[in-house]
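Engineer: Input input39.txt, format and content: compact mmCIF, C-alpha atoms.
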```txt
# COMPACT_ATOMS: atom_id res chain seq x y z
CA MET X 235 59.68 7.50 -39.14
CA LEU X 236 60.18 11.09 -40.29
CA THR X 237 57.32 12.13 -42.54
CA ARG X 238 57.51 14.96 -45.07
CA ARG X 239 55.49 17.11 -42.67
CA HIS X 240 57.93 16.47 -39.87
CA LEU X 241 60.82 17.28 -42.19
CA ARG X 242 59.13 20.56 -43.14
CA ILE X 243 58.88 21.42 -39.44
CA LYS X 244 62.61 20.84 -39.00
CA VAL X 245 63.36 22.99 -42.05
CA MET X 246 61.02 25.64 -40.65
CA GLN X 247 63.06 25.73 -37.43
CA ALA X 248 66.30 26.09 -39.40
CA VAL X 249 64.87 28.87 -41.59
CA PHE X 250 63.56 30.62 -38.47
CA ALA X 251 67.12 30.51 -37.06
CA PHE X 252 68.42 31.89 -40.37
CA GLN X 253 65.99 34.83 -40.23
CA ARG X 254 67.19 35.71 -36.75
CA GLN X 255 70.93 35.19 -37.25
CA ARG X 256 71.41 36.08 -40.95
CA PRO X 257 74.76 34.25 -41.11
CA ASP X 258 77.07 34.66 -44.11
CA ASP X 259 77.82 30.94 -44.08
CA LEU X 260 74.99 28.40 -44.02
CA LYS X 261 77.17 25.46 -42.97
CA GLU X 262 76.32 25.68 -39.27
CA LEU X 263 72.58 25.86 -39.92
CA GLU X 264 72.81 23.00 -42.41
CA LYS X 265 74.64 21.01 -39.76
CA PHE X 266 71.92 21.91 -37.24
CA LEU X 267 69.23 20.71 -39.66
CA ASN X 268 71.02 17.47 -40.46
CA THR X 269 71.65 16.77 -36.78
CA SER X 270 68.05 17.57 -35.92
CA MET X 271 66.89 14.94 -38.41
CA THR X 272 69.30 12.19 -37.36
CA GLN X 273 68.73 12.84 -33.65
CA THR X 274 65.10 11.76 -34.05
CA PHE X 275 66.32 8.19 -34.37
CA VAL X 276 68.54 8.67 -31.32
CA LEU X 277 65.45 9.65 -29.32
CA PHE X 278 63.78 6.45 -30.53
CA LEU X 279 66.77 4.46 -29.23
CA TYR X 280 66.50 6.30 -25.89
CA MET X 281 62.88 5.19 -25.53
CA VAL X 282 63.66 1.59 -26.52
CA GLN X 283 66.53 1.46 -24.06
CA LEU X 284 64.26 2.93 -21.37
CA LEU X 285 62.06 -0.18 -21.62
CA ILE X 286 65.16 -2.39 -21.43
CA GLU X 287 66.36 -0.57 -18.30
CA ILE X 288 62.95 -0.99 -16.68
CA HIS X 289 63.25 -4.73 -17.40
CA LYS X 290 66.76 -4.81 -15.88
CA LEU X 291 65.51 -3.01 -12.78
CA ALA X 292 62.66 -5.52 -12.40
CA GLU X 293 65.22 -8.35 -12.39
CA LYS X 294 67.44 -6.48 -9.94
CA ARG X 295 64.58 -5.77 -7.53
CA TYR X 296 63.41 -9.38 -7.73
CA ASN X 297 66.89 -10.75 -6.97
CA LEU X 298 67.29 -8.39 -4.02
CA ALA X 299 63.93 -9.52 -2.66
CA GLN X 300 65.09 -13.12 -2.62
CA VAL X 301 67.82 -12.43 -0.04
CA ARG X 302 65.53 -10.62 2.37
CA PHE X 303 64.81 -12.42 5.62
CA THR X 304 61.97 -10.22 6.79
CA GLY X 305 58.87 -8.77 5.28
CA SER X 306 55.61 -10.07 3.86
CA GLU X 307 55.47 -12.88 1.35
CA ALA X 308 54.59 -10.34 -1.37
CA VAL X 309 57.74 -8.36 -0.55
CA LYS X 310 59.99 -11.44 -0.50
CA ASN X 311 58.42 -12.94 -3.61
CA PRO X 312 57.29 -10.16 -5.94
CA SER X 313 55.62 -10.90 -9.24
CA ARG X 314 57.87 -11.96 -12.09
CA ALA X 315 55.34 -10.74 -14.66
CA LEU X 316 57.47 -7.79 -15.76
CA ILE X 317 60.63 -9.88 -15.91
CA GLU X 318 58.99 -12.55 -18.06
CA ASN X 319 57.21 -10.15 -20.38
CA LYS X 320 58.12 -11.42 -23.85
CA VAL X 321 58.40 -7.97 -25.40
CA LEU X 322 60.92 -6.83 -22.79
CA VAL X 323 62.84 -10.09 -23.05
CA GLU X 324 63.16 -9.74 -26.82
CA LEU X 325 64.27 -6.12 -26.53
CA ALA X 326 66.86 -6.98 -23.88
CA LYS X 327 68.48 -9.71 -25.95
CA SER X 328 68.37 -7.97 -29.34
CA PRO X 329 71.86 -7.70 -30.89
CA LEU X 330 70.53 -5.12 -33.36
CA ILE X 331 69.58 -2.73 -30.57
CA LYS X 332 72.95 -3.22 -28.86
CA GLU X 333 74.71 -2.59 -32.16
CA ALA X 334 72.68 0.58 -32.83
CA LEU X 335 73.60 1.97 -29.41
CA GLN X 336 77.28 1.05 -29.71
CA LYS X 337 77.49 2.50 -33.23
CA ARG X 338 76.39 5.89 -31.86
CA ASN X 339 78.32 5.54 -28.61
CA LEU X 340 75.10 5.82 -26.61
CA ASN X 341 74.60 4.68 -23.04
CA PRO X 342 71.25 6.26 -22.17
CA TRP X 343 69.98 6.17 -18.61
CA HIS X 344 73.35 5.05 -17.18
CA LEU X 345 73.74 8.29 -15.23
CA ASP X 346 70.02 9.02 -15.04
CA SER X 347 68.69 5.85 -13.41
CA ALA X 348 66.40 7.86 -11.09
CA TYR X 349 64.00 8.39 -14.01
CA VAL X 350 63.96 4.65 -14.66
CA GLU X 351 63.32 3.88 -10.99
CA ARG X 352 60.43 6.33 -10.66
CA LEU X 353 58.77 5.04 -13.82
CA TYR X 354 59.25 1.45 -12.65
CA ASP X 355 57.56 2.24 -9.31
CA LYS X 356 54.63 3.86 -11.11
CA ILE X 357 54.26 0.82 -13.35
CA ILE X 358 54.26 -1.87 -10.66
CA ASN X 359 51.84 0.15 -8.53
CA SER X 360 49.45 0.78 -11.41
CA LYS X 361 46.08 -0.87 -11.97
CA GLU X 362 47.36 -1.97 -15.39
CA PHE X 363 50.16 -4.01 -13.81
CA ILE X 364 47.94 -5.53 -11.11
CA THR X 365 45.49 -6.69 -13.78
CA TYR X 366 48.26 -7.90 -16.07
CA ALA X 367 50.08 -9.86 -13.36
CA SER X 368 46.87 -11.52 -12.14
CA VAL X 369 46.06 -13.09 -15.51
CA ASP X 370 47.97 -16.29 -16.24
CA SER X 371 48.56 -16.26 -19.98
CA ASP X 372 51.46 -17.09 -22.29
CA SER X 373 50.27 -14.82 -25.08
CA ILE X 374 52.65 -12.41 -26.82
CA LYS X 375 49.62 -10.27 -27.64
CA LYS X 376 48.86 -9.93 -23.95
CA ASP X 377 52.46 -8.83 -23.30
CA GLN X 378 52.39 -6.38 -26.23
CA SER X 379 49.11 -4.91 -25.07
CA PHE X 380 50.44 -4.39 -21.55
CA ILE X 381 53.67 -2.72 -22.69
CA ASN X 382 51.76 -0.44 -25.05
CA ASN X 383 49.29 0.41 -22.27
CA ILE X 384 51.96 1.41 -19.77
CA PHE X 385 53.89 3.23 -22.46
CA ALA X 386 50.83 5.25 -23.50
CA GLU X 387 49.43 5.79 -19.99
CA ILE X 388 52.54 6.10 -17.79
CA ILE X 389 55.77 6.59 -19.72
CA ALA X 390 54.86 8.91 -22.62
CA PRO X 391 52.73 11.33 -20.50
CA SER X 392 55.52 11.81 -17.93
CA ASP X 393 56.29 15.53 -17.70
CA GLU X 394 59.44 14.73 -15.76
CA LEU X 395 60.67 12.48 -18.57
CA LEU X 396 59.87 15.07 -21.24
CA ASP X 397 61.70 17.79 -19.28
CA PHE X 398 64.75 15.53 -19.04
CA LEU X 399 64.70 14.77 -22.77
CA GLU X 400 64.29 18.46 -23.63
CA ASP X 401 67.40 19.20 -21.59
CA GLU X 402 69.24 16.49 -23.52
CA ASN X 403 68.19 17.86 -26.92
CA ILE X 404 65.86 20.81 -27.43
CA THR X 405 64.57 19.49 -30.79
CA TRP X 406 63.26 16.35 -29.09
CA VAL X 407 60.21 18.24 -27.83
CA ASP X 408 58.88 18.26 -31.39
CA ASP X 409 60.03 14.69 -32.04
CA TYR X 410 58.52 13.24 -28.86
CA PRO X 411 54.93 12.63 -30.12
CA LEU X 412 56.22 11.17 -33.39
CA VAL X 413 58.67 8.83 -31.66
CA ASN X 414 56.07 7.70 -29.13
CA THR X 415 53.68 6.82 -31.94
CA GLU X 416 56.51 4.92 -33.65
CA MET X 417 57.22 3.06 -30.40
CA ILE X 418 53.63 1.80 -30.21
CA LYS X 419 53.87 0.47 -33.78
CA PHE X 420 57.32 -0.99 -33.08
CA ILE X 421 56.13 -2.90 -30.00
CA ARG X 422 53.22 -4.41 -31.93
CA LYS X 423 55.65 -5.93 -34.46
CA ILE X 424 57.85 -7.75 -31.92
CA LYS X 425 57.67 -11.54 -32.15
CA VAL X 426 59.17 -14.26 -29.95
CA ASP X 427 62.61 -15.42 -31.17
CA LYS X 428 62.32 -13.30 -34.32
CA GLU X 429 64.92 -10.73 -35.29
CA ILE X 430 63.82 -7.25 -34.27
CA LYS X 431 63.73 -4.70 -37.08
CA LEU X 432 64.34 -1.09 -36.21
CA PRO X 433 62.39 1.54 -38.19
CA GLU X 434 64.09 3.56 -40.89
CA LEU X 435 64.70 7.24 -40.23
CA VAL X 436 62.81 8.19 -43.41
CA LYS X 437 60.44 6.30 -45.69
CA GLU X 438 62.18 7.30 -48.92
CA PRO X 439 65.92 7.89 -49.47
CA ASP X 440 65.16 11.20 -51.21
CA ASP X 441 63.37 12.62 -48.16
CA ILE X 442 66.57 13.86 -46.49
CA LYS X 443 67.67 15.44 -49.76
CA PHE X 444 64.23 17.09 -50.03
CA ALA X 445 64.68 18.68 -46.59
CA MET X 446 68.19 19.96 -47.31
CA ASP X 447 67.15 21.29 -50.74
CA LEU X 448 64.09 23.00 -49.27
CA PHE X 449 66.25 24.74 -46.67
CA ARG X 450 68.89 25.88 -49.16
CA ARG X 451 66.43 27.08 -51.80
CA THR X 452 64.35 28.92 -49.20
CA VAL X 453 67.23 30.84 -47.65
CA LEU X 454 69.08 31.50 -50.91
CA ASN X 455 65.91 32.94 -52.49
CA HIS X 456 64.57 34.44 -49.28
CA GLU X 457 64.70 38.12 -50.27
CA GLU X 458 62.95 37.47 -53.59
CA LEU X 459 60.32 35.23 -52.01
CA TRP X 460 59.56 37.68 -49.21
CA ALA X 461 59.43 40.68 -51.55
CA ARG X 462 56.42 39.12 -53.27
CA VAL X 463 54.42 39.29 -50.03
CA ASP X 464 54.25 43.10 -50.20
CA GLY X 465 50.85 44.09 -51.54
CA LYS X 466 49.36 40.69 -50.72
CA THR X 467 48.50 41.62 -47.14
CA PRO X 468 45.64 44.13 -47.27
CA ASN X 469 45.27 46.22 -44.11
CA TRP X 470 48.38 44.54 -42.67
CA ASP X 471 51.98 45.74 -42.87
CA SER X 472 54.17 42.82 -43.99
CA GLU X 473 56.73 43.75 -41.31
CA ARG X 474 54.14 42.99 -38.62
CA ILE X 475 53.53 39.42 -39.77
CA ALA X 476 54.52 36.92 -37.09
CA GLN X 477 58.00 35.61 -37.86
CA ILE X 478 56.97 31.95 -37.84
CA ASP X 479 54.13 32.78 -40.26
CA SER X 480 56.58 34.53 -42.58
CA VAL X 481 58.78 31.41 -42.56
CA MET X 482 55.88 29.21 -43.64
CA ILE X 483 54.87 31.68 -46.36
CA VAL X 484 58.33 31.74 -47.97
CA MET X 485 58.73 27.95 -47.64
CA ALA X 486 55.38 27.33 -49.31
CA GLN X 487 56.32 29.70 -52.15
CA CYS X 488 59.60 27.86 -52.52
CA GLU X 489 57.76 24.56 -52.99
CA PHE X 490 55.33 26.12 -55.47
CA LEU X 491 58.14 27.48 -57.64
CA TYR X 492 61.16 25.20 -57.23
CA PHE X 493 59.82 21.71 -56.49
CA PRO X 494 58.07 20.58 -59.69
CA SER X 495 57.22 17.09 -58.44
CA ILE X 496 55.20 18.32 -55.42
CA PRO X 497 51.57 19.28 -56.15
CA VAL X 498 50.63 22.83 -55.19
CA LYS X 499 47.66 21.61 -53.17
CA ALA X 500 49.86 19.21 -51.19
CA SER X 501 52.28 21.99 -50.25
CA LEU X 502 49.46 24.38 -49.36
CA ASN X 503 47.68 21.85 -47.14
CA GLU X 504 50.89 20.89 -45.34
CA TYR X 505 51.74 24.44 -44.30
CA LEU X 506 48.20 25.19 -43.23
CA GLU X 507 48.26 22.11 -40.98
CA ILE X 508 51.68 23.01 -39.57
CA SER X 509 50.47 26.54 -38.79
CA LYS X 510 47.69 25.13 -36.59
CA ASP X 511 50.31 23.61 -34.26
CA TYR X 512 53.05 26.24 -34.42
CA SER X 513 51.33 29.60 -34.77
CA SER X 514 48.27 31.54 -33.60
CA PRO X 515 44.70 30.22 -33.98
CA LYS X 516 43.99 32.58 -36.90
CA SER X 517 47.29 32.03 -38.70
CA SER X 518 46.06 29.26 -40.98
CA VAL X 519 43.33 31.53 -42.40
CA PHE X 520 45.81 34.41 -42.74
CA ILE X 521 48.49 32.27 -44.42
CA ASN X 522 45.92 30.67 -46.72
CA GLY X 523 44.77 34.10 -47.90
CA ILE X 524 48.28 35.28 -48.71
CA LEU X 525 49.29 32.06 -50.47
CA ASP X 526 46.05 32.03 -52.45
CA ASN X 527 46.80 35.54 -53.73
CA LEU X 528 50.38 34.58 -54.56
CA LEU X 529 49.26 31.45 -56.39
CA LYS X 530 46.85 33.46 -58.56
CA GLN X 531 49.71 35.76 -59.52
CA PHE X 532 52.06 32.84 -60.19
CA GLN X 533 49.49 31.16 -62.41
CA LYS X 534 48.74 34.41 -64.23
CA ASP X 535 52.47 34.85 -64.90
CA ASP X 536 52.84 31.17 -65.87
CA MET X 537 55.41 30.58 -63.10
CA ILE X 538 54.02 27.26 -61.84
CA ASN X 539 55.61 24.36 -63.70
CA LYS X 540 54.74 20.99 -62.23
CA ILE X 541 55.68 17.61 -63.69
CA GLY X 542 54.83 13.99 -62.93
CA ARG X 543 53.17 13.64 -59.53
CA GLY X 544 53.35 17.42 -59.15
CA THR X 545 50.56 17.83 -61.70
CA ILE X 546 48.16 15.93 -59.45
CA GLU X 547 46.16 18.35 -57.33
CA SER X 548 44.11 15.94 -55.26
```
Since I need it in another form, could you write the structure as structure tokens?
Structural biologist:
Amino acid sequence: MLTRRHLRIKVMQAVFAFQRQRPDDLKELEKFLNTSMTQTFVLFLYMVQLLIEIHKLAEKRYNLAQVRFTGSEAVKNPSRALIENKVLVELAKSPLIKEALQKRNLNPWHLDSAYVERLYDKIINSKEFITYASVDSDSIKKDQSFINNIFAEIIAPSDELLDFLEDENITWVDDYPLVNTEMIKFIRKIKVDKEIKLPELVKEPDDIKFAMDLFRRTVLNHEELWARVDGKTPNWDSERIAQIDSVMIVMAQCEFLYFPSIPVKASLNEYLEISKDYSSPKSSVFINGILDNLLKQFQKDDMINKIGRGTIES
């Protein structure tokens, strides 16, 4: 789930906090970084459980409709399409999902059912649902396609939902697009009467260690790394560099010098891409210029020592 780029972003946030706070003890910031990484999976569980709660609400509304004595036939006998959707059924009965929630003592949406209700109303009144419910088919692919459609078109774009999640955990704003993409892939893999497999937090076991090492090495060598920027910013005082840009510059240097298995080009490209999302429009060009100058000096002084995969530049 968490890619190296996403891990770099989380480290960037922790280093940014370090630059502002300058604490004597790094334990709290290390805890913040570790929590930020693990909470990404919690957000994923929130979104999975949201679909389960929508399914529960569909059953509840249907059962209430059965005891009504007045109203149109459509009101008394609403469509069971959402209730019988195979994806939602499999999610609702999954012991693995229940175990994952219980393990973390999570009960999402219990006190926030209004969000579930409003999303449910949008779904059943949507063109997607009307089309879905009108086609008589027993295909799991049809059910997967519908759930992914409403997730992509109704649930994920909900500003109200995003505001709620941001209030729950501020780091989830950055995780939200990643988790939503993971949800789409997750839904596509669900099969009838097959055990559901939840995604791993990271692809490789060493990825978490990479993030923690990158944070520690960056902050512990921060003064030395930043001192090298002086003289590499023609016509621009280094003190005027945007703080988020300065974080990316020192992190990239850290990878160049202290992570021998990571190719220089890979590190450079990653920070340039991150800068496009987290800094000003011209930052990527500015950062590239500084890092290019630093790299030339590092190579001249024979300071770049890459091994294994780190020697591969393409």
Engineer: Can you build me a table of segment 350-450 of chain X residues sitting at most 10 Å from segment 238-260 of chain X, with the closest atom pair per residue and its distance in Å to one decimal, using all atoms listed in the file, sorted by chain and residue number, as CSV?
Structural biologist:
```
residue,atom,partner,partner_atom,distance
X:Thr405,CA,X:Lys244,CA,8.5
X:Asp408,CA,X:Ile243,CA,8.6
X:Asp409,CA,X:His240,CA,8.3
X:Leu412,CA,X:His240,CA,8.5
X:Val436,CA,X:Arg238,CA,8.8
X:Lys437,CA,X:Arg238,CA,9.2
X:Glu438,CA,X:Arg238,CA,9.8
X:Asp441,CA,X:Arg238,CA,7.0
X:Ile442,CA,X:Leu241,CA,8.0
X:Phe444,CA,X:Leu241,CA,8.6
X:Ala445,CA,X:Leu241,CA,6.0
X:Met446,CA,X:Val245,CA,7.8
X:Asp447,CA,X:Val245,CA,9.6
X:Leu448,CA,X:Val245,CA,7.3
X:Phe449,CA,X:Val245,CA,5.7
X:Arg450,CA,X:Leu260,CA,8.4
```
Engineer: From the list X:Leu432, X:Ile521, X:Ile358, X:Leu291, which residue is nearest Val481 of chain X when using only C-alpha atoms?
Structural biologist: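 Once distances to Val481 of chain X are computed over only C-alpha atoms, the minimum belongs to X:Ile521.
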Engineer: Using all atoms listed in the file for the distances, tell me which of X:Tyr366, X:Trp406, X:Phe532, X:Trp343 is nearest to Thr272 of chain X.
Structural biologist: X:Trp406
Engineer: Record the distance separating atom CA of Glu394 of chain X and atom CA of Lys265 of chain X, expressed in Å with one decimal.
Structural biologist: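 Interatomic distance here is 29.1 Å.
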Engineer: Would you mind telling me which residue in X:Arg451, X:Lys356, X:Ile524, X:Thr365 lies nearest to Tyr492 of chain X when using all atoms listed in the file?
Structural biologist: X:Arg451
Engineer: For atom CA of Val276 of chain X and atom CA of Ala500 of chain X, determine how far apart the two atoms are, in Å to one decimal place.
Structural biologist: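 Taking atom CA of Val276 of chain X and atom CA of Ala500 of chain X, their separation equals 29.2 Å.
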Engineer: Neighbouring residues of Tyr512 of chain X were defined as those with any atom within 12 Å, considering only C-alpha atoms; residues of the same chain fewer than 2 positions away were excluded. Please report them as a ChimeraX atom specification.
Structural biologist: /X:243-244,246-247,408,476-479,481-482,505-510,514-518
Engineer: Quote the spacing between atom CA of Val350 of chain X and atom CA of Arg295 of chain X in Å to one decimal place.
Structural biologist: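 Rounded to one decimal, the two atoms are 12.6 Å apart.
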Engineer: Determine, counting all atoms listed in the file, which protein, DNA and RNA residues have an atom within 8 Å of an atom of Pro342 of chain X; residues of the same chain fewer than 6 positions away are not included. Present the result as an MDAnalysis selection string.
Structural biologist: chainID X and resid 280 283:284
Engineer: Using all atoms listed in the file, which of the listed residues (X:Asp536, X:Glu262, X:Glu489, X:Asp377) sits closest to Lys320 of chain X?
Structural biologist: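 Of all the options, X:Asp377 lies closest to Lys320 of chain X.
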Engineer: Name the closest residue to Lys499 of chain X among the candidates X:Ile288, X:Ala486, X:Ile381, X:Val407; distances are taken between atoms, counting only C-alpha atoms.
Structural biologist: X:Ala486
Engineer: Which of these residues is nearest to Leu459 of chain X, using all atoms listed in the file: X:Ser480, X:Asn341, X:Gln300, X:Asn527?
Structural biologist: X:Ser480
